[in-house]
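**Q** See model30.cif below, with mmCIF, N, CA and C atoms.
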data_final
#
loop_
_atom_site.group_PDB
_atom_site.id
_atom_site.type_symbol
_atom_site.label_atom_id
_atom_site.label_comp_id
_atom_site.auth_asym_id
_atom_site.auth_seq_id
_atom_site.Cartn_x
_atom_site.Cartn_y
_atom_site.Cartn_z
ATOM 1 N N MET Z 1 -20.624 -207.387 -3.672
ATOM 2 C CA MET Z 1 -21.383 -208.065 -4.698
ATOM 3 C C MET Z 1 -20.896 -209.514 -4.794
ATOM 4 N N ALA Z 2 -21.799 -210.446 -4.571
ATOM 5 C CA ALA Z 2 -21.452 -211.867 -4.626
ATOM 6 C C ALA Z 2 -21.180 -212.288 -6.062
ATOM 7 N N ILE Z 3 -20.291 -213.261 -6.209
ATOM 8 C CA ILE Z 3 -19.924 -213.808 -7.512
ATOM 9 C C ILE Z 3 -20.236 -215.298 -7.492
ATOM 10 N N THR Z 4 -20.985 -215.743 -8.482
ATOM 11 C CA THR Z 4 -21.316 -217.155 -8.605
ATOM 12 C C THR Z 4 -20.696 -217.680 -9.890
ATOM 13 N N ILE Z 5 -20.043 -218.811 -9.783
ATOM 14 C CA ILE Z 5 -19.383 -219.431 -10.926
ATOM 15 C C ILE Z 5 -19.990 -220.807 -11.148
ATOM 16 N N HIS Z 6 -20.384 -221.063 -12.376
ATOM 17 C CA HIS Z 6 -20.848 -222.393 -12.780
ATOM 18 C C HIS Z 6 -19.714 -223.041 -13.539
ATOM 19 N N ILE Z 7 -19.266 -224.175 -13.064
ATOM 20 C CA ILE Z 7 -18.232 -224.937 -13.772
ATOM 21 C C ILE Z 7 -18.847 -226.261 -14.188
ATOM 22 N N TYR Z 8 -18.863 -226.495 -15.488
ATOM 23 C CA TYR Z 8 -19.358 -227.754 -16.035
ATOM 24 C C TYR Z 8 -18.132 -228.629 -16.277
ATOM 25 N N TYR Z 9 -17.989 -229.675 -15.472
ATOM 26 C CA TYR Z 9 -16.909 -230.636 -15.645
ATOM 27 C C TYR Z 9 -17.419 -231.766 -16.530
ATOM 28 N N SER Z 10 -16.721 -232.046 -17.618
ATOM 29 C CA SER Z 10 -17.126 -233.127 -18.520
ATOM 30 C C SER Z 10 -15.974 -234.089 -18.718
ATOM 31 N N GLY Z 11 -16.320 -235.364 -18.796
ATOM 32 C CA GLY Z 11 -15.319 -236.398 -19.009
ATOM 33 C C GLY Z 11 -15.948 -237.591 -19.694
ATOM 34 N N GLU Z 12 -15.328 -238.735 -19.508
ATOM 35 C CA GLU Z 12 -15.832 -239.982 -20.084
ATOM 36 C C GLU Z 12 -15.903 -241.034 -18.989
ATOM 37 N N ASN Z 13 -16.725 -242.040 -19.225
ATOM 38 C CA ASN Z 13 -16.841 -243.195 -18.322
ATOM 39 C C ASN Z 13 -17.173 -242.815 -16.880
ATOM 40 N N GLY Z 14 -17.989 -241.776 -16.710
ATOM 41 C CA GLY Z 14 -18.393 -241.373 -15.369
ATOM 42 C C GLY Z 14 -17.335 -240.618 -14.582
ATOM 43 N N ASN Z 15 -16.270 -240.170 -15.251
ATOM 44 C CA ASN Z 15 -15.165 -239.533 -14.532
ATOM 45 C C ASN Z 15 -15.540 -238.224 -13.853
ATOM 46 N N ALA Z 16 -16.471 -237.465 -14.421
ATOM 47 C CA ALA Z 16 -16.859 -236.206 -13.778
ATOM 48 C C ALA Z 16 -17.520 -236.486 -12.430
ATOM 49 N N LYS Z 17 -18.378 -237.499 -12.404
ATOM 50 C CA LYS Z 17 -19.042 -237.855 -11.144
ATOM 51 C C LYS Z 17 -18.018 -238.429 -10.154
ATOM 52 N N LYS Z 18 -17.079 -239.223 -10.641
ATOM 53 C CA LYS Z 18 -16.033 -239.768 -9.760
ATOM 54 C C LYS Z 18 -15.194 -238.641 -9.154
ATOM 55 N N PHE Z 19 -14.905 -237.615 -9.961
ATOM 56 C CA PHE Z 19 -14.164 -236.445 -9.476
ATOM 57 C C PHE Z 19 -14.922 -235.785 -8.325
ATOM 58 N N ALA Z 20 -16.230 -235.511 -8.530
ATOM 59 C CA ALA Z 20 -17.034 -234.861 -7.494
ATOM 60 C C ALA Z 20 -17.099 -235.723 -6.233
ATOM 61 N N GLU Z 21 -17.223 -237.029 -6.418
ATOM 62 C CA GLU Z 21 -17.272 -237.934 -5.263
ATOM 63 C C GLU Z 21 -15.953 -237.931 -4.499
ATOM 64 N N GLU Z 22 -14.826 -237.914 -5.220
ATOM 65 C CA GLU Z 22 -13.523 -237.893 -4.540
ATOM 66 C C GLU Z 22 -13.284 -236.547 -3.860
ATOM 67 N N MET Z 23 -13.719 -235.470 -4.494
ATOM 68 C CA MET Z 23 -13.597 -234.147 -3.864
ATOM 69 C C MET Z 23 -14.355 -234.124 -2.537
ATOM 70 N N THR Z 24 -15.534 -234.738 -2.521
ATOM 71 C CA THR Z 24 -16.359 -234.766 -1.314
ATOM 72 C C THR Z 24 -15.780 -235.716 -0.275
ATOM 73 N N ALA Z 25 -15.503 -236.953 -0.673
ATOM 74 C CA ALA Z 25 -15.008 -237.966 0.270
ATOM 75 C C ALA Z 25 -13.641 -237.594 0.832
ATOM 76 N N GLY Z 26 -12.821 -236.913 0.043
ATOM 77 C CA GLY Z 26 -11.483 -236.540 0.481
ATOM 78 C C GLY Z 26 -11.445 -235.304 1.364
ATOM 79 N N GLY Z 27 -12.594 -234.680 1.568
ATOM 80 C CA GLY Z 27 -12.658 -233.530 2.462
ATOM 81 C C GLY Z 27 -12.373 -232.185 1.807
ATOM 82 N N VAL Z 28 -12.049 -232.176 0.524
ATOM 83 C CA VAL Z 28 -11.753 -230.909 -0.141
ATOM 84 C C VAL Z 28 -12.986 -230.009 -0.140
ATOM 85 N N VAL Z 29 -14.138 -230.575 -0.439
ATOM 86 C CA VAL Z 29 -15.379 -229.785 -0.475
ATOM 87 C C VAL Z 29 -15.638 -229.138 0.886
ATOM 88 N N SER Z 30 -15.490 -229.876 1.944
ATOM 89 C CA SER Z 30 -15.710 -229.318 3.294
ATOM 90 C C SER Z 30 -14.739 -228.182 3.580
ATOM 91 N N ARG Z 31 -13.500 -228.348 3.166
ATOM 92 C CA ARG Z 31 -12.502 -227.295 3.398
ATOM 93 C C ARG Z 31 -12.816 -226.042 2.589
ATOM 94 N N ILE Z 32 -13.296 -226.210 1.362
ATOM 95 C CA ILE Z 32 -13.657 -225.044 0.553
ATOM 96 C C ILE Z 32 -14.842 -224.329 1.191
ATOM 97 N N ARG Z 33 -15.846 -225.082 1.607
ATOM 98 C CA ARG Z 33 -17.025 -224.478 2.232
ATOM 99 C C ARG Z 33 -16.667 -223.708 3.504
ATOM 100 N N ALA Z 34 -15.597 -224.113 4.173
ATOM 101 C CA ALA Z 34 -15.170 -223.454 5.413
ATOM 102 C C ALA Z 34 -14.306 -222.216 5.158
ATOM 103 N N GLU Z 35 -13.897 -222.005 3.911
ATOM 104 C CA GLU Z 35 -13.052 -220.856 3.605
ATOM 105 C C GLU Z 35 -13.828 -219.554 3.798
ATOM 106 N N ASP Z 36 -13.108 -218.542 4.276
ATOM 107 C CA ASP Z 36 -13.701 -217.229 4.458
ATOM 108 C C ASP Z 36 -14.181 -216.703 3.108
ATOM 109 N N GLY Z 37 -15.431 -216.311 3.037
ATOM 110 C CA GLY Z 37 -15.976 -215.746 1.811
ATOM 111 C C GLY Z 37 -16.721 -216.727 0.936
ATOM 112 N N ASN Z 38 -16.639 -218.049 1.223
ATOM 113 C CA ASN Z 38 -17.389 -219.008 0.414
ATOM 114 C C ASN Z 38 -18.838 -218.997 0.853
ATOM 115 N N LEU Z 39 -19.735 -218.847 -0.103
ATOM 116 C CA LEU Z 39 -21.165 -218.806 0.180
ATOM 117 C C LEU Z 39 -21.874 -220.095 -0.218
ATOM 118 N N ARG Z 40 -21.327 -220.780 -1.208
ATOM 119 C CA ARG Z 40 -21.963 -222.015 -1.692
ATOM 120 C C ARG Z 40 -20.963 -222.809 -2.520
ATOM 121 N N TYR Z 41 -20.993 -224.118 -2.348
ATOM 122 C CA TYR Z 41 -20.150 -225.019 -3.142
ATOM 123 C C TYR Z 41 -20.912 -226.335 -3.236
ATOM 124 N N GLU Z 42 -21.598 -226.543 -4.363
ATOM 125 C CA GLU Z 42 -22.444 -227.730 -4.512
ATOM 126 C C GLU Z 42 -22.341 -228.291 -5.924
ATOM 127 N N TYR Z 43 -22.379 -229.620 -6.004
ATOM 128 C CA TYR Z 43 -22.376 -230.316 -7.286
ATOM 129 C C TYR Z 43 -23.795 -230.749 -7.653
ATOM 130 N N PHE Z 44 -24.091 -230.689 -8.964
ATOM 131 C CA PHE Z 44 -25.367 -231.133 -9.508
ATOM 132 C C PHE Z 44 -25.097 -231.975 -10.748
ATOM 133 N N TYR Z 45 -26.023 -232.865 -11.046
ATOM 134 C CA TYR Z 45 -25.876 -233.755 -12.189
ATOM 135 C C TYR Z 45 -26.985 -233.489 -13.194
ATOM 136 N N PRO Z 46 -26.658 -233.003 -14.399
ATOM 137 C CA PRO Z 46 -27.687 -232.777 -15.417
ATOM 138 C C PRO Z 46 -28.394 -234.079 -15.795
ATOM 139 N N MET Z 47 -29.699 -234.020 -15.922
ATOM 140 C CA MET Z 47 -30.482 -235.215 -16.239
ATOM 141 C C MET Z 47 -30.198 -235.741 -17.641
ATOM 142 N N ASP Z 48 -29.825 -234.865 -18.561
ATOM 143 C CA ASP Z 48 -29.661 -235.288 -19.943
ATOM 144 C C ASP Z 48 -28.209 -235.488 -20.375
ATOM 145 N N ASP Z 49 -27.289 -235.461 -19.417
ATOM 146 C CA ASP Z 49 -25.869 -235.626 -19.749
ATOM 147 C C ASP Z 49 -25.149 -236.316 -18.593
ATOM 148 N N GLU Z 50 -25.007 -237.627 -18.686
ATOM 149 C CA GLU Z 50 -24.399 -238.397 -17.594
ATOM 150 C C GLU Z 50 -22.889 -238.201 -17.474
ATOM 151 N N GLU Z 51 -22.280 -237.537 -18.443
ATOM 152 C CA GLU Z 51 -20.830 -237.338 -18.418
ATOM 153 C C GLU Z 51 -20.433 -235.934 -17.953
ATOM 154 N N THR Z 52 -21.402 -235.199 -17.421
ATOM 155 C CA THR Z 52 -21.125 -233.836 -16.959
ATOM 156 C C THR Z 52 -21.618 -233.660 -15.528
ATOM 157 N N VAL Z 53 -20.860 -232.876 -14.771
ATOM 158 C CA VAL Z 53 -21.240 -232.466 -13.422
ATOM 159 C C VAL Z 53 -21.179 -230.940 -13.401
ATOM 160 N N LEU Z 54 -22.185 -230.319 -12.809
ATOM 161 C CA LEU Z 54 -22.208 -228.867 -12.652
ATOM 162 C C LEU Z 54 -21.814 -228.526 -11.222
ATOM 163 N N LEU Z 55 -20.823 -227.668 -11.083
ATOM 164 C CA LEU Z 55 -20.453 -227.117 -9.780
ATOM 165 C C LEU Z 55 -20.986 -225.698 -9.711
ATOM 166 N N ILE Z 56 -21.754 -225.400 -8.669
ATOM 167 C CA ILE Z 56 -22.171 -224.025 -8.394
ATOM 168 C C ILE Z 56 -21.337 -223.564 -7.202
ATOM 169 N N ASP Z 57 -20.522 -222.560 -7.462
ATOM 170 C CA ASP Z 57 -19.517 -222.083 -6.522
ATOM 171 C C ASP Z 57 -19.727 -220.582 -6.343
ATOM 172 N N SER Z 58 -20.125 -220.149 -5.142
ATOM 173 C CA SER Z 58 -20.409 -218.724 -4.904
ATOM 174 C C SER Z 58 -19.478 -218.170 -3.833
ATOM 175 N N TRP Z 59 -19.068 -216.923 -4.059
ATOM 176 C CA TRP Z 59 -18.132 -216.249 -3.163
ATOM 177 C C TRP Z 59 -18.617 -214.840 -2.851
ATOM 178 N N LYS Z 60 -18.213 -214.352 -1.693
ATOM 179 C CA LYS Z 60 -18.598 -213.017 -1.223
ATOM 180 C C LYS Z 60 -18.109 -211.930 -2.184
ATOM 181 N N ASP Z 61 -16.874 -212.094 -2.698
ATOM 182 C CA ASP Z 61 -16.288 -211.072 -3.571
ATOM 183 C C ASP Z 61 -15.073 -211.652 -4.304
ATOM 184 N N GLN Z 62 -14.479 -210.846 -5.181
ATOM 185 C CA GLN Z 62 -13.336 -211.309 -5.968
ATOM 186 C C GLN Z 62 -12.136 -211.614 -5.086
ATOM 187 N N HIS Z 63 -11.943 -210.833 -4.040
ATOM 188 C CA HIS Z 63 -10.818 -211.086 -3.131
ATOM 189 C C HIS Z 63 -10.896 -212.502 -2.542
ATOM 190 N N SER Z 64 -12.078 -212.920 -2.150
ATOM 191 C CA SER Z 64 -12.248 -214.277 -1.596
ATOM 192 C C SER Z 64 -11.875 -215.344 -2.627
ATOM 193 N N ILE Z 65 -12.252 -215.116 -3.873
ATOM 194 C CA ILE Z 65 -11.889 -216.056 -4.945
ATOM 195 C C ILE Z 65 -10.377 -216.070 -5.144
ATOM 196 N N ASP Z 66 -9.763 -214.891 -5.143
ATOM 197 C CA ASP Z 66 -8.310 -214.799 -5.325
ATOM 198 C C ASP Z 66 -7.552 -215.543 -4.234
ATOM 199 N N VAL Z 67 -8.010 -215.398 -2.991
ATOM 200 C CA VAL Z 67 -7.378 -216.104 -1.864
ATOM 201 C C VAL Z 67 -7.537 -217.614 -2.052
ATOM 202 N N HIS Z 68 -8.719 -218.039 -2.450
ATOM 203 C CA HIS Z 68 -8.966 -219.468 -2.710
ATOM 204 C C HIS Z 68 -8.044 -219.978 -3.816
ATOM 205 N N HIS Z 69 -7.944 -219.234 -4.915
ATOM 206 C CA HIS Z 69 -7.104 -219.668 -6.036
ATOM 207 C C HIS Z 69 -5.622 -219.712 -5.666
ATOM 208 N N ALA Z 70 -5.205 -218.929 -4.701
ATOM 209 C CA ALA Z 70 -3.800 -218.912 -4.270
ATOM 210 C C ALA Z 70 -3.502 -219.977 -3.212
ATOM 211 N N SER Z 71 -4.529 -220.681 -2.751
ATOM 212 C CA SER Z 71 -4.341 -221.657 -1.673
ATOM 213 C C SER Z 71 -3.745 -222.965 -2.207
ATOM 214 N N PRO Z 72 -3.073 -223.715 -1.335
ATOM 215 C CA PRO Z 72 -2.535 -225.026 -1.734
ATOM 216 C C PRO Z 72 -3.625 -226.007 -2.169
ATOM 217 N N MET Z 73 -4.857 -225.743 -1.767
ATOM 218 C CA MET Z 73 -5.964 -226.615 -2.136
ATOM 219 C C MET Z 73 -6.139 -226.675 -3.660
ATOM 220 N N MET Z 74 -5.784 -225.603 -4.362
ATOM 221 C CA MET Z 74 -5.931 -225.584 -5.821
ATOM 222 C C MET Z 74 -5.033 -226.631 -6.480
ATOM 223 N N THR Z 75 -3.898 -226.937 -5.859
ATOM 224 C CA THR Z 75 -3.030 -227.991 -6.386
ATOM 225 C C THR Z 75 -3.740 -229.335 -6.315
ATOM 226 N N GLU Z 76 -4.437 -229.585 -5.211
ATOM 227 C CA GLU Z 76 -5.214 -230.829 -5.065
ATOM 228 C C GLU Z 76 -6.315 -230.920 -6.114
ATOM 229 N N ILE Z 77 -7.027 -229.817 -6.295
ATOM 230 C CA ILE Z 77 -8.133 -229.800 -7.254
ATOM 231 C C ILE Z 77 -7.607 -230.023 -8.668
ATOM 232 N N THR Z 78 -6.528 -229.350 -9.015
ATOM 233 C CA THR Z 78 -5.934 -229.508 -10.348
ATOM 234 C C THR Z 78 -5.474 -230.943 -10.569
ATOM 235 N N ARG Z 79 -4.881 -231.539 -9.564
ATOM 236 C CA ARG Z 79 -4.422 -232.925 -9.678
ATOM 237 C C ARG Z 79 -5.596 -233.863 -9.944
ATOM 238 N N LEU Z 80 -6.708 -233.645 -9.241
ATOM 239 C CA LEU Z 80 -7.883 -234.487 -9.448
ATOM 240 C C LEU Z 80 -8.515 -234.250 -10.819
ATOM 241 N N ARG Z 81 -8.533 -233.012 -11.291
ATOM 242 C CA ARG Z 81 -9.051 -232.734 -12.638
ATOM 243 C C ARG Z 81 -8.233 -233.502 -13.678
ATOM 244 N N GLU Z 82 -6.923 -233.484 -13.487
ATOM 245 C CA GLU Z 82 -6.045 -234.193 -14.425
ATOM 246 C C GLU Z 82 -6.210 -235.706 -14.302
ATOM 247 N N LYS Z 83 -6.326 -236.192 -13.073
ATOM 248 C CA LYS Z 83 -6.509 -237.622 -12.845
ATOM 249 C C LYS Z 83 -7.713 -238.147 -13.621
ATOM 250 N N TYR Z 84 -8.798 -237.372 -13.634
ATOM 251 C CA TYR Z 84 -10.029 -237.800 -14.293
ATOM 252 C C TYR Z 84 -10.174 -237.243 -15.710
ATOM 253 N N ASN Z 85 -9.133 -236.560 -16.190
ATOM 254 C CA ASN Z 85 -9.081 -236.029 -17.560
ATOM 255 C C ASN Z 85 -10.341 -235.221 -17.898
ATOM 256 N N LEU Z 86 -10.637 -234.248 -17.047
ATOM 257 C CA LEU Z 86 -11.850 -233.466 -17.201
ATOM 258 C C LEU Z 86 -11.617 -232.209 -18.035
ATOM 259 N N HIS Z 87 -12.653 -231.830 -18.761
ATOM 260 C CA HIS Z 87 -12.676 -230.575 -19.506
ATOM 261 C C HIS Z 87 -13.691 -229.679 -18.815
ATOM 262 N N MET Z 88 -13.479 -228.371 -18.935
ATOM 263 C CA MET Z 88 -14.317 -227.438 -18.191
ATOM 264 C C MET Z 88 -14.920 -226.368 -19.086
ATOM 265 N N LYS Z 89 -16.160 -226.028 -18.788
ATOM 266 C CA LYS Z 89 -16.813 -224.846 -19.354
ATOM 267 C C LYS Z 89 -17.196 -224.005 -18.150
ATOM 268 N N VAL Z 90 -16.874 -222.714 -18.178
ATOM 269 C CA VAL Z 90 -17.077 -221.855 -17.010
ATOM 270 C C VAL Z 90 -17.977 -220.672 -17.373
ATOM 271 N N GLU Z 91 -18.935 -220.405 -16.490
ATOM 272 C CA GLU Z 91 -19.804 -219.229 -16.597
ATOM 273 C C GLU Z 91 -19.689 -218.465 -15.278
ATOM 274 N N ARG Z 92 -19.708 -217.149 -15.363
ATOM 275 C CA ARG Z 92 -19.545 -216.306 -14.181
ATOM 276 C C ARG Z 92 -20.708 -215.323 -14.094
ATOM 277 N N TYR Z 93 -21.281 -215.193 -12.892
ATOM 278 C CA TYR Z 93 -22.435 -214.329 -12.675
ATOM 279 C C TYR Z 93 -22.196 -213.420 -11.480
ATOM 280 N N LEU Z 94 -22.650 -212.177 -11.584
ATOM 281 C CA LEU Z 94 -22.598 -211.239 -10.471
ATOM 282 C C LEU Z 94 -23.996 -211.116 -9.892
ATOM 283 N N SER Z 95 -24.073 -210.988 -8.572
ATOM 284 C CA SER Z 95 -25.388 -210.896 -7.928
ATOM 285 C C SER Z 95 -26.083 -209.595 -8.308
ATOM 286 N N ASP Z 96 -27.391 -209.670 -8.343
ATOM 287 C CA ASP Z 96 -28.226 -208.510 -8.608
ATOM 288 C C ASP Z 96 -28.594 -207.931 -7.249
ATOM 289 N N GLU Z 97 -27.954 -206.863 -6.875
ATOM 290 C CA GLU Z 97 -28.148 -206.284 -5.545
ATOM 291 C C GLU Z 97 -29.582 -205.816 -5.325
ATOM 292 N N ALA Z 98 -30.307 -205.535 -6.401
ATOM 293 C CA ALA Z 98 -31.683 -205.054 -6.269
ATOM 294 C C ALA Z 98 -32.630 -206.188 -5.884
ATOM 295 N N GLY Z 99 -32.230 -207.425 -6.096
ATOM 296 C CA GLY Z 99 -33.074 -208.553 -5.740
ATOM 297 C C GLY Z 99 -34.052 -208.909 -6.842
ATOM 298 N N ILE Z 100 -34.995 -209.756 -6.521
ATOM 299 C CA ILE Z 100 -35.983 -210.239 -7.486
ATOM 300 C C ILE Z 100 -37.039 -209.160 -7.705
ATOM 301 N N PRO Z 101 -37.276 -208.769 -8.974
ATOM 302 C CA PRO Z 101 -38.315 -207.763 -9.246
ATOM 303 C C PRO Z 101 -39.690 -208.246 -8.784
ATOM 304 N N THR Z 102 -40.509 -207.322 -8.331
ATOM 305 C CA THR Z 102 -41.843 -207.646 -7.838
ATOM 306 C C THR Z 102 -42.643 -208.422 -8.883
ATOM 307 N N ALA Z 103 -42.567 -208.024 -10.153
ATOM 308 C CA ALA Z 103 -43.319 -208.702 -11.209
ATOM 309 C C ALA Z 103 -42.923 -210.173 -11.334
ATOM 310 N N ASP Z 104 -41.647 -210.484 -11.086
ATOM 311 C CA ASP Z 104 -41.191 -211.872 -11.170
ATOM 312 C C ASP Z 104 -41.605 -212.707 -9.958
ATOM 313 N N LYS Z 105 -41.817 -212.067 -8.832
ATOM 314 C CA LYS Z 105 -42.173 -212.783 -7.613
ATOM 315 C C LYS Z 105 -43.506 -213.519 -7.742
ATOM 316 N N ALA Z 106 -44.356 -213.067 -8.642
ATOM 317 C CA ALA Z 106 -45.653 -213.717 -8.854
ATOM 318 C C ALA Z 106 -45.487 -215.142 -9.373
ATOM 319 N N PHE Z 107 -44.333 -215.459 -9.950
ATOM 320 C CA PHE Z 107 -44.097 -216.781 -10.518
ATOM 321 C C PHE Z 107 -43.340 -217.705 -9.560
ATOM 322 N N ILE Z 108 -43.057 -217.223 -8.379
ATOM 323 C CA ILE Z 108 -42.302 -217.993 -7.399
ATOM 324 C C ILE Z 108 -43.249 -218.471 -6.305
ATOM 325 N N ARG Z 109 -43.232 -219.721 -6.075
ATOM 326 C CA ARG Z 109 -44.097 -220.294 -5.052
ATOM 327 C C ARG Z 109 -43.357 -220.440 -3.754
#
Please go through the file and, once you have read it, give me the structure as C-alpha cells.
**A**
Amino acid sequence: MAITIHIYYSGENGNAKKFAEEMTAGGVVSRIRAEDGNLRYEYFYPMDDEETVLLIDSWKDQHSIDVHHASPMMTEITRLREKYNLHMKVERYLSDEAGIPTADKAFIR
C-alpha cells in the first residue's frame, strides 16, 4: 500500500520557495527520487499563499519511508529547514487499492 505525505512548508520572505529551490539545485531532490521505494517527490506552490510550498512525497511502503528517514540525507534536509526557518504541517494518506470508483470516473476527462 503506497503512502503519500503532503508537507506544507511555510516561512517568511519567500523562504519556503528558496528552500525548495535549494533542495532541487543542490541535488537532494534527485537523490530522494532515486531512493528505492520513492514514487513521487514534487513541490507545488499554492496560488493563494506565496509563503507556503506543498511537497507531495509518495513511497511504496512504510519501510521505504523508514529507510529514507534514517539516511544521512535527512540531516541535510533538516539543516535547510532550519536555515530558512520553516514551519511544517503534515498530512498522510494511504492509497486506495480498489482504485477510482466507476461512478467517479464519469467526472474525469
**Q** Please identify all polymer residues within 9 Å of Z:Arg40, counting only C-alpha atoms, omitting same-chain residues fewer than 2 positions from it, and present them as a list in words.
**A** Thr4, Arg33, Asn38, Glu42, Ile56, Asp57, Ser58 and Trp59 of chain Z
**Q** Using DSSP assignments from the backbone, pull out every residue in stretch 41-87 of chain Z that falls under alpha helix (DSSP H) and give it to me as an MDAnalysis selection string.
**A** chainID Z and resid 62:69 73:83
**Q** Which residues, written as a PyMOL selection string, have at least one atom at most 9 Å from Z:Arg92, with only C-alpha atoms counted and residues fewer than 6 positions away on the same chain left out?
**A** chain Z and resi 3-7
**Q** Could you check how far atom C of Z:Leu80 sits from atom N of Z:Leu55, in Å to one decimal?
**A** 14.0 Å
**Q** Just want the 12 Å neighbourhood of stretch 97-100 of chain Z, counted on only C-alpha atoms, with same-chain residues fewer than 6 positions away dropped. Output as a PyMOL selection string.
**A** chain Z and resi 1-3+106-108
**Q** Between atom CA of Z:Asn15 and atom CA of Z:Tyr84, measure the distance and give it in Å to one decimal.
**A**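 Calculated distance between atom CA of Z:Asn15 and atom CA of Z:Tyr84 is 5.4 Å.
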**Q** Mind giving me the axis-aligned box for stretch 41-50 of chain Z with 4 Å on every side, centre plus edges in Å to one decimal, as lines of an AutoDock Vina configuration file?
**A**
center_x = -25.3
center_y = -231.3
center_z = -11.4
size_x = 18.3
size_y = 22.3
size_z = 26.0
**Q** Please return, as a PyMOL selection string, all residues of chain Z that DSSP assigns to strand (DSSP E) on the basis of the backbone.
**A** chain Z and resi 3-10+38-44+52-59+87-94
**Q** Have a look at atom C of Z:Leu39 and atom C of Z:Met23 and let me know their distance in Å, one decimal.
**A**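 A separation of 16.1 Å between them.
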**Q** Leaving out Z:Arg31 and any residue of its chain fewer than 6 positions from it, which residues lie within 12 Å of it when counting only C-alpha atoms, given as a list in words?
**A**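 Near neighbours after the sequence-gap exclusion: Met23, Thr24, Ala25, Asn38, Arg40, Tyr41, His68, Ser71, Pro72, Met73, Met74, Glu76 and Ile77 of chain Z.
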**Q** I want to know what sits within 8 Å of stretch 17-19 of chain Z, based on all atoms listed in the file, with residues of the same chain fewer than 2 positions away left out; could you give that as an mmCIF file with N, CA and C atoms, in the frame of the given file?
**A**
data_model
loop_
_atom_site.group_PDB
_atom_site.id
_atom_site.type_symbol
_atom_site.label_atom_id
_atom_site.label_comp_id
_atom_site.auth_asym_id
_atom_site.auth_seq_id
_atom_site.Cartn_x
_atom_site.Cartn_y
_atom_site.Cartn_z
ATOM 1 N N TYR Z 9 -17.989 -229.675 -15.472
ATOM 2 C CA TYR Z 9 -16.909 -230.636 -15.645
ATOM 3 C C TYR Z 9 -17.419 -231.766 -16.530
ATOM 4 N N SER Z 10 -16.721 -232.046 -17.618
ATOM 5 C CA SER Z 10 -17.126 -233.127 -18.520
ATOM 6 C C SER Z 10 -15.974 -234.089 -18.718
ATOM 7 N N GLY Z 11 -16.320 -235.364 -18.796
ATOM 8 C CA GLY Z 11 -15.319 -236.398 -19.009
ATOM 9 C C GLY Z 11 -15.948 -237.591 -19.694
ATOM 10 N N GLU Z 12 -15.328 -238.735 -19.508
ATOM 11 C CA GLU Z 12 -15.832 -239.982 -20.084
ATOM 12 C C GLU Z 12 -15.903 -241.034 -18.989
ATOM 13 N N ASN Z 13 -16.725 -242.040 -19.225
ATOM 14 C CA ASN Z 13 -16.841 -243.195 -18.322
ATOM 15 C C ASN Z 13 -17.173 -242.815 -16.880
ATOM 16 N N GLY Z 14 -17.989 -241.776 -16.710
ATOM 17 C CA GLY Z 14 -18.393 -241.373 -15.369
ATOM 18 C C GLY Z 14 -17.335 -240.618 -14.582
ATOM 19 N N ASN Z 15 -16.270 -240.170 -15.251
ATOM 20 C CA ASN Z 15 -15.165 -239.533 -14.532
ATOM 21 C C ASN Z 15 -15.540 -238.224 -13.853
ATOM 22 N N GLU Z 21 -17.223 -237.029 -6.418
ATOM 23 C CA GLU Z 21 -17.272 -237.934 -5.263
ATOM 24 C C GLU Z 21 -15.953 -237.931 -4.499
ATOM 25 N N GLU Z 22 -14.826 -237.914 -5.220
ATOM 26 C CA GLU Z 22 -13.523 -237.893 -4.540
ATOM 27 C C GLU Z 22 -13.284 -236.547 -3.860
ATOM 28 N N MET Z 23 -13.719 -235.470 -4.494
ATOM 29 C CA MET Z 23 -13.597 -234.147 -3.864
ATOM 30 C C MET Z 23 -14.355 -234.124 -2.537
ATOM 31 N N THR Z 24 -15.534 -234.738 -2.521
ATOM 32 C CA THR Z 24 -16.359 -234.766 -1.314
ATOM 33 C C THR Z 24 -15.780 -235.716 -0.275
ATOM 34 N N ALA Z 25 -15.503 -236.953 -0.673
ATOM 35 C CA ALA Z 25 -15.008 -237.966 0.270
ATOM 36 C C ALA Z 25 -13.641 -237.594 0.832
ATOM 37 N N GLU Z 50 -25.007 -237.627 -18.686
ATOM 38 C CA GLU Z 50 -24.399 -238.397 -17.594
ATOM 39 C C GLU Z 50 -22.889 -238.201 -17.474
ATOM 40 N N GLU Z 51 -22.280 -237.537 -18.443
ATOM 41 C CA GLU Z 51 -20.830 -237.338 -18.418
ATOM 42 C C GLU Z 51 -20.433 -235.934 -17.953
ATOM 43 N N THR Z 52 -21.402 -235.199 -17.421
ATOM 44 C CA THR Z 52 -21.125 -233.836 -16.959
ATOM 45 C C THR Z 52 -21.618 -233.660 -15.528
ATOM 46 N N VAL Z 53 -20.860 -232.876 -14.771
ATOM 47 C CA VAL Z 53 -21.240 -232.466 -13.422
ATOM 48 C C VAL Z 53 -21.179 -230.940 -13.401
ATOM 49 N N LEU Z 80 -6.708 -233.645 -9.241
ATOM 50 C CA LEU Z 80 -7.883 -234.487 -9.448
ATOM 51 C C LEU Z 80 -8.515 -234.250 -10.819
ATOM 52 N N ARG Z 81 -8.533 -233.012 -11.291
ATOM 53 C CA ARG Z 81 -9.051 -232.734 -12.638
ATOM 54 C C ARG Z 81 -8.233 -233.502 -13.678
ATOM 55 N N LYS Z 83 -6.326 -236.192 -13.073
ATOM 56 C CA LYS Z 83 -6.509 -237.622 -12.845
ATOM 57 C C LYS Z 83 -7.713 -238.147 -13.621
ATOM 58 N N TYR Z 84 -8.798 -237.372 -13.634
ATOM 59 C CA TYR Z 84 -10.029 -237.800 -14.293
ATOM 60 C C TYR Z 84 -10.174 -237.243 -15.710
#
